[in-house]
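Okay, final_9.cif now, which holds mmCIF, N, CA and C atoms:
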data_query
loop_
_atom_site.label_atom_id
_atom_site.label_comp_id
_atom_site.auth_asym_id
_atom_site.auth_seq_id
_atom_site.Cartn_x
_atom_site.Cartn_y
_atom_site.Cartn_z
N MET F 7 28.65 100.35 57.29
CA MET F 7 29.78 101.25 57.52
C MET F 7 31.05 100.41 57.68
N LEU F 8 32.07 100.74 56.91
CA LEU F 8 33.34 100.03 56.98
C LEU F 8 34.18 100.54 58.13
N SER F 9 34.91 99.63 58.76
CA SER F 9 35.83 100.08 59.81
C SER F 9 37.06 100.71 59.16
N MET F 10 37.76 101.55 59.92
CA MET F 10 38.91 102.30 59.42
C MET F 10 40.18 101.46 59.56
N ASN F 11 40.93 101.36 58.48
CA ASN F 11 42.20 100.62 58.49
C ASN F 11 43.34 101.55 58.89
N THR F 12 44.18 101.10 59.80
CA THR F 12 45.32 101.92 60.25
C THR F 12 46.65 101.29 59.87
N GLU F 13 46.63 100.28 59.00
CA GLU F 13 47.86 99.63 58.56
C GLU F 13 47.83 99.43 57.06
N ILE F 14 49.02 99.43 56.47
CA ILE F 14 49.17 99.22 55.04
C ILE F 14 50.38 98.32 54.82
N LEU F 15 50.34 97.49 53.78
CA LEU F 15 51.44 96.58 53.50
C LEU F 15 52.18 97.07 52.27
N ILE F 16 53.50 97.17 52.38
CA ILE F 16 54.29 97.50 51.20
C ILE F 16 55.24 96.35 50.90
N ASN F 17 55.34 96.03 49.63
CA ASN F 17 56.26 95.02 49.14
C ASN F 17 57.45 95.76 48.57
N SER F 18 58.64 95.28 48.88
CA SER F 18 59.85 95.97 48.43
C SER F 18 60.94 94.98 48.08
N SER F 19 61.94 95.48 47.39
CA SER F 19 63.12 94.68 47.05
C SER F 19 64.33 95.27 47.74
N LEU F 20 65.17 94.41 48.26
CA LEU F 20 66.44 94.85 48.82
C LEU F 20 67.32 95.30 47.67
N VAL F 21 67.90 96.48 47.78
CA VAL F 21 68.80 96.99 46.74
C VAL F 21 70.17 96.38 46.99
N THR F 22 70.66 95.61 46.01
CA THR F 22 71.96 94.93 46.15
C THR F 22 72.82 95.20 44.92
N HIS F 23 74.10 94.92 45.06
CA HIS F 23 75.03 95.08 43.94
C HIS F 23 74.96 93.91 42.97
N ASP F 24 74.60 92.74 43.46
CA ASP F 24 74.61 91.55 42.61
C ASP F 24 73.31 91.34 41.83
N GLY F 25 72.30 92.14 42.10
CA GLY F 25 71.06 92.04 41.36
C GLY F 25 70.17 90.88 41.76
N TYR F 26 70.55 90.10 42.78
CA TYR F 26 69.70 89.01 43.24
C TYR F 26 68.50 89.61 43.96
N PRO F 27 67.29 89.32 43.48
CA PRO F 27 66.11 89.95 44.09
C PRO F 27 65.73 89.30 45.42
N GLU F 28 65.79 90.09 46.47
CA GLU F 28 65.31 89.65 47.79
C GLU F 28 64.11 90.52 48.11
N ALA F 29 62.97 89.87 48.31
CA ALA F 29 61.74 90.60 48.57
C ALA F 29 61.43 90.64 50.06
N TYR F 30 60.94 91.77 50.49
CA TYR F 30 60.51 91.98 51.88
C TYR F 30 59.14 92.61 51.86
N GLU F 31 58.34 92.30 52.86
CA GLU F 31 57.06 92.95 53.03
C GLU F 31 57.02 93.58 54.42
N PHE F 32 56.54 94.82 54.44
CA PHE F 32 56.46 95.59 55.68
C PHE F 32 55.01 95.99 55.91
N VAL F 33 54.51 95.76 57.11
CA VAL F 33 53.21 96.30 57.51
C VAL F 33 53.53 97.57 58.29
N LEU F 34 52.96 98.68 57.82
CA LEU F 34 53.24 99.99 58.42
C LEU F 34 52.00 100.54 59.10
N ASP F 35 52.23 101.28 60.18
CA ASP F 35 51.12 101.99 60.81
C ASP F 35 51.02 103.38 60.21
N GLU F 36 50.14 104.19 60.73
CA GLU F 36 49.90 105.52 60.16
C GLU F 36 51.06 106.49 60.34
N ASN F 37 52.04 106.14 61.19
CA ASN F 37 53.24 106.96 61.37
C ASN F 37 54.41 106.44 60.54
N MET F 38 54.12 105.49 59.65
CA MET F 38 55.10 104.84 58.78
C MET F 38 56.14 104.06 59.58
N ARG F 39 55.71 103.54 60.72
CA ARG F 39 56.54 102.66 61.55
C ARG F 39 56.22 101.22 61.20
N VAL F 40 57.24 100.37 61.24
CA VAL F 40 57.07 98.96 60.91
C VAL F 40 56.39 98.24 62.07
N VAL F 41 55.25 97.64 61.78
CA VAL F 41 54.52 96.84 62.76
C VAL F 41 54.96 95.39 62.65
N GLU F 42 55.10 94.92 61.42
CA GLU F 42 55.58 93.57 61.13
C GLU F 42 56.43 93.61 59.88
N CYS F 43 57.34 92.65 59.78
CA CYS F 43 58.19 92.56 58.60
C CYS F 43 58.51 91.10 58.34
N VAL F 44 58.51 90.72 57.05
CA VAL F 44 58.87 89.37 56.65
C VAL F 44 59.75 89.43 55.41
N LYS F 45 60.61 88.43 55.29
CA LYS F 45 61.38 88.25 54.07
C LYS F 45 60.66 87.18 53.26
N VAL F 46 60.45 87.44 51.98
CA VAL F 46 59.74 86.51 51.11
C VAL F 46 60.77 85.82 50.22
N ASP F 47 60.81 84.50 50.28
CA ASP F 47 61.76 83.73 49.47
C ASP F 47 61.05 83.22 48.22
N PRO F 48 61.29 83.87 47.07
CA PRO F 48 60.59 83.46 45.85
C PRO F 48 61.01 82.07 45.35
N MET F 49 62.21 81.64 45.72
CA MET F 49 62.69 80.33 45.28
C MET F 49 61.99 79.20 46.03
N ALA F 50 61.48 79.48 47.21
CA ALA F 50 60.80 78.47 48.02
C ALA F 50 59.28 78.67 47.95
N GLN F 51 58.78 79.00 46.76
CA GLN F 51 57.36 79.22 46.52
C GLN F 51 56.78 80.23 47.50
N ASN F 52 57.45 81.37 47.58
CA ASN F 52 57.00 82.50 48.41
C ASN F 52 56.88 82.18 49.89
N MET F 53 57.77 81.33 50.39
CA MET F 53 57.82 81.07 51.83
C MET F 53 58.28 82.35 52.53
N ILE F 54 57.70 82.63 53.68
CA ILE F 54 58.06 83.86 54.39
C ILE F 54 58.80 83.53 55.68
N SER F 55 59.74 84.43 56.01
CA SER F 55 60.49 84.31 57.26
C SER F 55 60.29 85.61 58.03
N PRO F 56 59.73 85.55 59.23
CA PRO F 56 59.53 86.78 60.01
C PRO F 56 60.86 87.42 60.41
N ILE F 57 60.88 88.72 60.41
CA ILE F 57 62.01 89.50 60.90
C ILE F 57 61.59 90.03 62.26
N GLU F 58 62.18 89.49 63.31
CA GLU F 58 61.75 89.81 64.68
C GLU F 58 62.14 91.22 65.11
N ASN F 59 63.37 91.63 64.86
CA ASN F 59 63.83 92.95 65.27
C ASN F 59 64.28 93.70 64.03
N ALA F 60 63.33 94.27 63.30
CA ALA F 60 63.60 94.88 62.01
C ALA F 60 64.63 96.01 62.09
N ALA F 61 64.56 96.86 63.11
CA ALA F 61 65.50 97.98 63.22
C ALA F 61 66.94 97.49 63.29
N GLU F 62 67.15 96.40 63.99
CA GLU F 62 68.50 95.86 64.16
C GLU F 62 68.92 94.99 62.97
N GLU F 63 68.05 94.07 62.56
CA GLU F 63 68.39 93.14 61.49
C GLU F 63 68.51 93.80 60.13
N LEU F 64 67.79 94.89 59.91
CA LEU F 64 67.80 95.55 58.61
C LEU F 64 68.58 96.86 58.61
N ASP F 65 69.34 97.08 59.67
CA ASP F 65 70.14 98.29 59.80
C ASP F 65 71.13 98.40 58.65
N GLY F 66 71.15 99.54 58.00
CA GLY F 66 72.10 99.79 56.91
C GLY F 66 71.65 99.26 55.56
N LEU F 67 70.46 98.71 55.46
CA LEU F 67 69.98 98.16 54.19
C LEU F 67 69.04 99.15 53.51
N LEU F 68 69.08 99.14 52.18
CA LEU F 68 68.27 100.03 51.37
C LEU F 68 67.27 99.19 50.59
N PHE F 69 66.02 99.65 50.54
CA PHE F 69 64.95 98.92 49.87
C PHE F 69 64.31 99.81 48.81
N GLU F 70 63.72 99.17 47.81
CA GLU F 70 62.97 99.90 46.79
C GLU F 70 61.52 99.44 46.81
N LEU F 71 60.62 100.38 46.85
CA LEU F 71 59.18 100.11 46.91
C LEU F 71 58.74 99.46 45.60
N ASN F 72 58.05 98.31 45.71
CA ASN F 72 57.49 97.64 44.54
C ASN F 72 56.00 97.95 44.39
N HIS F 73 55.23 97.58 45.41
CA HIS F 73 53.80 97.84 45.36
C HIS F 73 53.21 97.88 46.77
N VAL F 74 51.99 98.32 46.83
CA VAL F 74 51.28 98.53 48.09
C VAL F 74 50.00 97.70 48.06
N ARG F 75 49.65 97.15 49.21
CA ARG F 75 48.39 96.41 49.32
C ARG F 75 47.61 96.89 50.53
N VAL F 76 46.30 96.85 50.40
CA VAL F 76 45.41 97.22 51.50
C VAL F 76 44.33 96.15 51.64
N ASN F 77 43.66 96.18 52.75
CA ASN F 77 42.54 95.27 52.99
C ASN F 77 41.31 95.87 52.31
N PRO F 78 40.76 95.19 51.29
CA PRO F 78 39.62 95.77 50.55
C PRO F 78 38.31 95.78 51.34
N ARG F 79 38.29 95.12 52.49
CA ARG F 79 37.05 95.03 53.28
C ARG F 79 36.89 96.16 54.29
N VAL F 80 37.88 97.05 54.35
CA VAL F 80 37.81 98.16 55.30
C VAL F 80 38.08 99.48 54.58
N ASP F 81 37.81 100.57 55.27
CA ASP F 81 38.05 101.90 54.71
C ASP F 81 39.55 102.22 54.84
N ASN F 82 40.22 102.36 53.71
CA ASN F 82 41.66 102.59 53.69
C ASN F 82 42.04 104.04 53.43
N THR F 83 41.06 104.92 53.41
CA THR F 83 41.30 106.32 53.07
C THR F 83 42.40 106.95 53.92
N HIS F 84 42.33 106.78 55.22
CA HIS F 84 43.29 107.43 56.12
C HIS F 84 44.72 106.90 55.93
N ILE F 85 44.89 105.58 55.90
CA ILE F 85 46.25 105.02 55.79
C ILE F 85 46.85 105.31 54.41
N ILE F 86 46.05 105.32 53.36
CA ILE F 86 46.55 105.68 52.04
C ILE F 86 46.98 107.14 52.02
N GLU F 87 46.20 107.98 52.69
CA GLU F 87 46.56 109.39 52.79
C GLU F 87 47.88 109.58 53.54
N CYS F 88 48.10 108.80 54.60
CA CYS F 88 49.35 108.89 55.36
C CYS F 88 50.55 108.54 54.49
N LEU F 89 50.45 107.46 53.72
CA LEU F 89 51.55 107.06 52.85
C LEU F 89 51.71 108.05 51.69
N THR F 90 50.63 108.49 51.13
CA THR F 90 50.68 109.47 50.04
C THR F 90 51.36 110.75 50.51
N ASN F 91 51.02 111.23 51.70
CA ASN F 91 51.65 112.44 52.24
C ASN F 91 53.15 112.23 52.47
N ALA F 92 53.54 111.06 52.96
CA ALA F 92 54.96 110.77 53.16
C ALA F 92 55.71 110.81 51.83
N LEU F 93 55.09 110.31 50.78
CA LEU F 93 55.73 110.35 49.46
C LEU F 93 55.77 111.76 48.89
N ARG F 94 54.70 112.49 49.07
CA ARG F 94 54.68 113.88 48.58
C ARG F 94 55.71 114.73 49.31
N ASN F 95 55.98 114.41 50.57
CA ASN F 95 56.99 115.16 51.34
C ASN F 95 58.39 115.01 50.77
N ILE F 96 58.64 113.96 49.99
CA ILE F 96 59.96 113.79 49.37
C ILE F 96 59.92 114.13 47.88
N GLY F 97 58.83 114.77 47.44
CA GLY F 97 58.75 115.24 46.06
C GLY F 97 58.20 114.24 45.06
N VAL F 98 57.60 113.17 45.51
CA VAL F 98 57.02 112.18 44.61
C VAL F 98 55.56 112.55 44.33
N ASP F 99 55.23 112.69 43.07
CA ASP F 99 53.85 112.98 42.69
C ASP F 99 53.03 111.70 42.70
N VAL F 100 51.83 111.79 43.20
CA VAL F 100 50.90 110.66 43.21
C VAL F 100 49.70 111.07 42.38
N LYS F 101 49.47 110.32 41.27
CA LYS F 101 48.40 110.69 40.34
C LYS F 101 47.42 109.54 40.18
N ASN F 102 46.28 109.86 39.61
CA ASN F 102 45.24 108.87 39.30
C ASN F 102 44.88 108.00 40.50
N GLN F 103 44.69 108.65 41.64
CA GLN F 103 44.30 107.91 42.83
C GLN F 103 42.86 107.43 42.69
N PRO F 104 42.62 106.14 42.95
CA PRO F 104 41.25 105.63 42.86
C PRO F 104 40.42 106.09 44.05
N SER F 105 39.12 106.14 43.86
CA SER F 105 38.25 106.45 44.99
C SER F 105 38.22 105.23 45.91
N ASN F 106 37.86 105.43 47.16
CA ASN F 106 37.90 104.37 48.15
C ASN F 106 37.02 103.18 47.80
N ASN F 107 35.92 103.41 47.10
CA ASN F 107 35.01 102.31 46.77
C ASN F 107 35.27 101.72 45.38
N SER F 108 36.34 102.15 44.74
CA SER F 108 36.69 101.64 43.42
C SER F 108 37.43 100.31 43.53
N ILE F 109 37.21 99.43 42.57
CA ILE F 109 37.93 98.16 42.54
C ILE F 109 39.44 98.39 42.35
N ALA F 110 39.83 99.50 41.75
CA ALA F 110 41.24 99.82 41.54
C ALA F 110 41.99 99.97 42.86
N THR F 111 41.26 100.26 43.94
CA THR F 111 41.90 100.39 45.25
C THR F 111 42.58 99.09 45.66
N THR F 112 42.04 97.96 45.23
CA THR F 112 42.62 96.67 45.56
C THR F 112 43.94 96.46 44.81
N PHE F 113 44.02 96.92 43.57
CA PHE F 113 45.19 96.66 42.75
C PHE F 113 46.23 97.77 42.78
N LYS F 114 45.80 99.01 42.83
CA LYS F 114 46.71 100.15 42.89
C LYS F 114 46.14 101.16 43.87
N PRO F 115 46.23 100.86 45.17
CA PRO F 115 45.57 101.74 46.14
C PRO F 115 46.10 103.16 46.19
N LEU F 116 47.37 103.36 45.84
CA LEU F 116 47.92 104.71 45.84
C LEU F 116 47.63 105.44 44.55
N GLY F 117 47.45 104.70 43.48
CA GLY F 117 47.39 105.30 42.16
C GLY F 117 48.75 105.10 41.52
N GLU F 118 49.22 106.11 40.80
CA GLU F 118 50.51 106.03 40.12
C GLU F 118 51.48 107.01 40.75
N ILE F 119 52.71 106.53 41.02
CA ILE F 119 53.73 107.42 41.59
C ILE F 119 54.73 107.79 40.50
N SER F 120 55.27 108.99 40.60
CA SER F 120 56.10 109.57 39.54
C SER F 120 57.53 109.05 39.52
N ASP F 121 58.04 108.54 40.61
CA ASP F 121 59.45 108.15 40.69
C ASP F 121 59.59 106.82 41.41
N ASN F 122 60.76 106.20 41.24
CA ASN F 122 61.10 105.05 42.08
C ASN F 122 61.32 105.58 43.49
N VAL F 123 60.86 104.84 44.45
CA VAL F 123 61.00 105.26 45.84
C VAL F 123 61.83 104.22 46.57
N ARG F 124 62.86 104.69 47.24
CA ARG F 124 63.68 103.83 48.07
C ARG F 124 63.52 104.27 49.51
N PHE F 125 63.87 103.37 50.42
CA PHE F 125 63.73 103.71 51.83
C PHE F 125 64.65 102.84 52.67
N TYR F 126 64.87 103.29 53.90
CA TYR F 126 65.57 102.51 54.90
C TYR F 126 64.84 102.70 56.21
N LEU F 127 65.17 101.87 57.19
CA LEU F 127 64.55 101.98 58.51
C LEU F 127 65.46 102.75 59.44
N ASN F 128 64.89 103.67 60.21
CA ASN F 128 65.69 104.33 61.23
C ASN F 128 65.66 103.50 62.51
N SER F 129 66.30 103.96 63.56
CA SER F 129 66.42 103.18 64.80
C SER F 129 65.08 102.99 65.51
N LYS F 130 64.08 103.78 65.14
CA LYS F 130 62.75 103.65 65.76
C LYS F 130 61.80 102.86 64.86
N THR F 131 62.36 102.12 63.91
CA THR F 131 61.64 101.32 62.91
C THR F 131 60.68 102.14 62.05
N GLN F 132 60.98 103.41 61.90
CA GLN F 132 60.18 104.25 61.01
C GLN F 132 60.88 104.29 59.66
N LEU F 133 60.08 104.23 58.58
CA LEU F 133 60.67 104.28 57.25
C LEU F 133 61.11 105.69 56.92
N VAL F 134 62.28 105.81 56.32
CA VAL F 134 62.78 107.08 55.82
C VAL F 134 62.81 106.93 54.30
N PHE F 135 61.94 107.67 53.62
CA PHE F 135 61.80 107.56 52.18
C PHE F 135 62.80 108.45 51.45
N LEU F 136 63.28 107.95 50.31
CA LEU F 136 64.21 108.68 49.45
C LEU F 136 63.66 108.63 48.03
N SER F 137 63.93 109.66 47.25
CA SER F 137 63.47 109.68 45.87
C SER F 137 64.48 110.40 45.01
N PRO F 138 64.61 109.99 43.74
CA PRO F 138 65.52 110.71 42.83
C PRO F 138 65.14 112.18 42.69
N SER F 139 63.88 112.52 42.88
CA SER F 139 63.46 113.91 42.73
C SER F 139 64.08 114.82 43.79
N THR F 140 64.49 114.24 44.93
CA THR F 140 65.14 115.05 45.96
C THR F 140 66.66 115.02 45.81
N LYS F 141 67.13 114.29 44.81
CA LYS F 141 68.55 114.18 44.48
C LYS F 141 69.42 113.76 45.67
N PRO F 142 69.06 112.64 46.33
CA PRO F 142 69.89 112.18 47.44
C PRO F 142 71.23 111.67 46.91
N ARG F 143 72.27 111.81 47.71
CA ARG F 143 73.60 111.34 47.33
C ARG F 143 74.15 110.47 48.44
N LEU F 144 74.72 109.36 48.05
CA LEU F 144 75.41 108.52 49.01
C LEU F 144 76.89 108.87 48.93
N VAL F 145 77.48 109.13 50.06
CA VAL F 145 78.89 109.48 50.11
C VAL F 145 79.58 108.45 50.97
N SER F 146 80.62 107.85 50.44
CA SER F 146 81.36 106.85 51.18
C SER F 146 82.17 107.52 52.28
N SER F 147 82.13 106.94 53.47
CA SER F 147 82.92 107.50 54.57
C SER F 147 84.42 107.34 54.28
N GLN F 148 84.78 106.36 53.49
CA GLN F 148 86.19 106.17 53.12
C GLN F 148 86.69 107.34 52.27
N SER F 149 85.87 107.80 51.32
CA SER F 149 86.29 108.92 50.48
C SER F 149 86.38 110.20 51.30
N LEU F 150 85.55 110.36 52.31
CA LEU F 150 85.63 111.54 53.16
C LEU F 150 86.92 111.52 53.98
N LYS F 151 87.32 110.33 54.48
CA LYS F 151 88.56 110.24 55.26
C LYS F 151 89.78 110.57 54.41
N SER F 152 89.79 110.10 53.15
CA SER F 152 90.95 110.35 52.30
C SER F 152 91.06 111.83 51.93
N GLU F 153 89.94 112.54 51.88
CA GLU F 153 89.98 113.98 51.60
C GLU F 153 90.53 114.76 52.77
N ASP F 154 90.40 114.23 53.98
CA ASP F 154 90.90 114.92 55.17
C ASP F 154 92.42 114.89 55.25
N HIS F 155 93.04 113.92 54.62
CA HIS F 155 94.50 113.79 54.72
C HIS F 155 95.23 114.49 53.65
#
File written out as structure tokens:
Amino acid sequence: MLSMNTEILINSSLVTHDGYPEAYEFVLDENMRVVECVKVDPMAQNMISPIENAAEELDGLLFELNHVRVNPRVDNTHIIECLTNALRNIGVDVKNQPSNNSIATTFKPLGEISDNVRFYLNSKTQLVFLSPSTKPRLVSSQSLKSEDH
């Protein structure tokens, strides 16, 4: 009998204007809260730097989900379901999900997602997911101020 996994790792890229890829990895619990976070430096042969206070250090930053990893030696059904439900709540379809005992669980534990998924951290270090399917809009506070005058 496999033990139940309550954490999942997501690899993401910081969304920037200059296109320089900065990779981050987040270990999430079943409430989609960050348990651990590291910045991965691809130029230094994937050297990692821990992010001690993710809510503060990553405040105001936007990330894009790259891929998900799970521990293949434990039962990941519950944690995959938690992440899948969070994505479905923002209108992202999840298709071709592998069974828990399939080798595909190691490589694509969620299956295939229909849209690019972006996210940011709230003050409680919980991920807030965004998707083009929900048509989110970023509005500059500067443009709002100029409309008031």
Requested in this report: Mind checking which residues fall within 8 Å of range 64-66 of chain F, counting all atoms listed in the file, ignoring those fewer than 5 positions away in the same chain, and posting them as a PyMOL selection string?
Outcome: chain F and resi 57+59+126-129
Report task. Given the file shown, determine the residues that the PyMOL selection byres (((chain F and resi 12 and name CA) around 10) and name CA) selects; report them as a ChimeraX atom specification. Result -> /F:9-11,13-14,34-37,76,80-86,88
**Report entry** Hits from the PyMOL selection byres (((chain F and resi 121 and name CA) around 12) and name CA), listed as a list in words
**Finding:**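 Evaluating the PyMOL selection byres (((chain F and resi 121 and name CA) around 12) and name CA) on this file yields Glu70, Leu71, Asn72, Leu93, Arg94, Ile96, Gly97, Val98, Asp99, Val100, Lys101, Glu118, Ile119, Ser120, Asn122, Val123, Arg124, Phe135, Leu136, Ser137, Pro138, Ser139, Thr140 and Lys141 of chain F.
For the pair atom C of Cys43 in chain F and atom C of Thr22 in chain F, the separation is 20.0 Å.
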Report task. Enumerate as a PyMOL selection string all residues of chain F assigned to strand (DSSP E or B) by DSSP on the backbone, naming them with the chain letters and numbers the document uses. Result -> chain F and resi 10+14-20+29-34+39-47+53-56+69-75+81+100-101+118-119+124-127+132-136
I'd like the contact shell of Ser18 in chain F - 10 Å cut-off, only C-alpha atoms, skipping same-chain residues fewer than 5 positions apart - returned as a short mmCIF file (atom, residue, chain, number, x, y, z; two decimals) with N, CA and C atoms, in the frame of the given file.
data_model
loop_
_atom_site.label_atom_id
_atom_site.label_comp_id
_atom_site.auth_asym_id
_atom_site.auth_seq_id
_atom_site.Cartn_x
_atom_site.Cartn_y
_atom_site.Cartn_z
N PRO F 27 67.29 89.32 43.48
CA PRO F 27 66.11 89.95 44.09
C PRO F 27 65.73 89.30 45.42
N GLU F 28 65.79 90.09 46.47
CA GLU F 28 65.31 89.65 47.79
C GLU F 28 64.11 90.52 48.11
N ALA F 29 62.97 89.87 48.31
CA ALA F 29 61.74 90.60 48.57
C ALA F 29 61.43 90.64 50.06
N TYR F 30 60.94 91.77 50.49
CA TYR F 30 60.51 91.98 51.88
C TYR F 30 59.14 92.61 51.86
N GLU F 31 58.34 92.30 52.86
CA GLU F 31 57.06 92.95 53.03
C GLU F 31 57.02 93.58 54.42
N PHE F 32 56.54 94.82 54.44
CA PHE F 32 56.46 95.59 55.68
C PHE F 32 55.01 95.99 55.91
N LYS F 45 60.61 88.43 55.29
CA LYS F 45 61.38 88.25 54.07
C LYS F 45 60.66 87.18 53.26
N VAL F 46 60.45 87.44 51.98
CA VAL F 46 59.74 86.51 51.11
C VAL F 46 60.77 85.82 50.22
N LEU F 68 69.08 99.14 52.18
CA LEU F 68 68.27 100.03 51.37
C LEU F 68 67.27 99.19 50.59
N PHE F 69 66.02 99.65 50.54
CA PHE F 69 64.95 98.92 49.87
C PHE F 69 64.31 99.81 48.81
N GLU F 70 63.72 99.17 47.81
CA GLU F 70 62.97 99.90 46.79
C GLU F 70 61.52 99.44 46.81
N LEU F 71 60.62 100.38 46.85
CA LEU F 71 59.18 100.11 46.91
C LEU F 71 58.74 99.46 45.60
N ASN F 72 58.05 98.31 45.71
CA ASN F 72 57.49 97.64 44.54
C ASN F 72 56.00 97.95 44.39
N HIS F 73 55.23 97.58 45.41
CA HIS F 73 53.80 97.84 45.36
C HIS F 73 53.21 97.88 46.77
N VAL F 74 51.99 98.32 46.83
CA VAL F 74 51.28 98.53 48.09
C VAL F 74 50.00 97.70 48.06
N VAL F 123 60.86 104.84 44.45
CA VAL F 123 61.00 105.26 45.84
C VAL F 123 61.83 104.22 46.57
N ARG F 124 62.86 104.69 47.24
CA ARG F 124 63.68 103.83 48.07
C ARG F 124 63.52 104.27 49.51
N PHE F 125 63.87 103.37 50.42
CA PHE F 125 63.73 103.71 51.83
C PHE F 125 64.65 102.84 52.67
#
**Report entry** Shortest interatomic distance to Thr131 in chain F - which of F:Val33, F:Ile16, F:Ala61, F:Val21, counting all atoms listed in the file
**Finding:**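 Among the listed residues, the smallest separation from Thr131 in chain F belongs to F:Ala61.
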Report task. Using atom C of Leu116 in chain F and atom C of Glu42 in chain F as the two end points, give the distance in Å to one decimal. Result -> 21.3 Å
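You will find CA of Val44 in chain F at 13.8 Å from CA of Glu62 in chain F.
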Query raised in the report: Closest to Val40 in chain F among F:Leu15, F:Tyr26, F:Ile54, F:Gln103, using only C-alpha atoms?
Result: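 Smallest distance to Val40 in chain F is found for F:Leu15.
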Range 21-33 of chain F from the block above: N, CA and C atoms written as a PDB file, in the first residue's frame:
ATOM      1  N   VAL F  21       6.987  35.866 -15.350  1.00  0.00           N
ATOM      2  CA  VAL F  21       6.567  36.604 -16.537  1.00  0.00           C
ATOM      3  C   VAL F  21       7.224  37.977 -16.478  1.00  0.00           C
ATOM      4  N   THR F  22       8.063  38.273 -17.481  1.00  0.00           N
ATOM      5  CA  THR F  22       8.788  39.543 -17.517  1.00  0.00           C
ATOM      6  C   THR F  22       8.618  40.210 -18.875  1.00  0.00           C
ATOM      7  N   HIS F  23       8.952  41.488 -18.926  1.00  0.00           N
ATOM      8  CA  HIS F  23       8.887  42.235 -20.183  1.00  0.00           C
ATOM      9  C   HIS F  23      10.089  41.958 -21.067  1.00  0.00           C
ATOM     10  N   ASP F  24      11.227  41.637 -20.463  1.00  0.00           N
ATOM     11  CA  ASP F  24      12.450  41.466 -21.252  1.00  0.00           C
ATOM     12  C   ASP F  24      12.628  40.056 -21.797  1.00  0.00           C
ATOM     13  N   GLY F  25      11.779  39.130 -21.418  1.00  0.00           N
ATOM     14  CA  GLY F  25      11.849  37.783 -21.948  1.00  0.00           C
ATOM     15  C   GLY F  25      12.943  36.922 -21.348  1.00  0.00           C
ATOM     16  N   TYR F  26      13.693  37.428 -20.363  1.00  0.00           N
ATOM     17  CA  TYR F  26      14.720  36.622 -19.724  1.00  0.00           C
ATOM     18  C   TYR F  26      14.042  35.576 -18.851  1.00  0.00           C
ATOM     19  N   PRO F  27      14.289  34.291 -19.123  1.00  0.00           N
ATOM     20  CA  PRO F  27      13.581  33.249 -18.371  1.00  0.00           C
ATOM     21  C   PRO F  27      14.147  33.061 -16.966  1.00  0.00           C
ATOM     22  N   GLU F  28      13.320  33.318 -15.973  1.00  0.00           N
ATOM     23  CA  GLU F  28      13.674  33.044 -14.584  1.00  0.00           C
ATOM     24  C   GLU F  28      12.739  31.942 -14.116  1.00  0.00           C
ATOM     25  N   ALA F  29      13.324  30.829 -13.709  1.00  0.00           N
ATOM     26  CA  ALA F  29      12.522  29.679 -13.298  1.00  0.00           C
ATOM     27  C   ALA F  29      12.407  29.611 -11.777  1.00  0.00           C
ATOM     28  N   TYR F  30      11.232  29.240 -11.334  1.00  0.00           N
ATOM     29  CA  TYR F  30      10.946  29.051  -9.913  1.00  0.00           C
ATOM     30  C   TYR F  30      10.247  27.717  -9.747  1.00  0.00           C
ATOM     31  N   GLU F  31      10.482  27.081  -8.623  1.00  0.00           N
ATOM     32  CA  GLU F  31       9.756  25.868  -8.282  1.00  0.00           C
ATOM     33  C   GLU F  31       9.070  26.070  -6.943  1.00  0.00           C
ATOM     34  N   PHE F  32       7.807  25.649  -6.906  1.00  0.00           N
ATOM     35  CA  PHE F  32       6.982  25.795  -5.717  1.00  0.00           C
ATOM     36  C   PHE F  32       6.506  24.419  -5.280  1.00  0.00           C
ATOM     37  N   VAL F  33       6.651  24.114  -4.009  1.00  0.00           N
ATOM     38  CA  VAL F  33       6.039  22.919  -3.433  1.00  0.00           C
ATOM     39  C   VAL F  33       4.750  23.408  -2.780  1.00  0.00           C
TER      40      VAL F  33
END
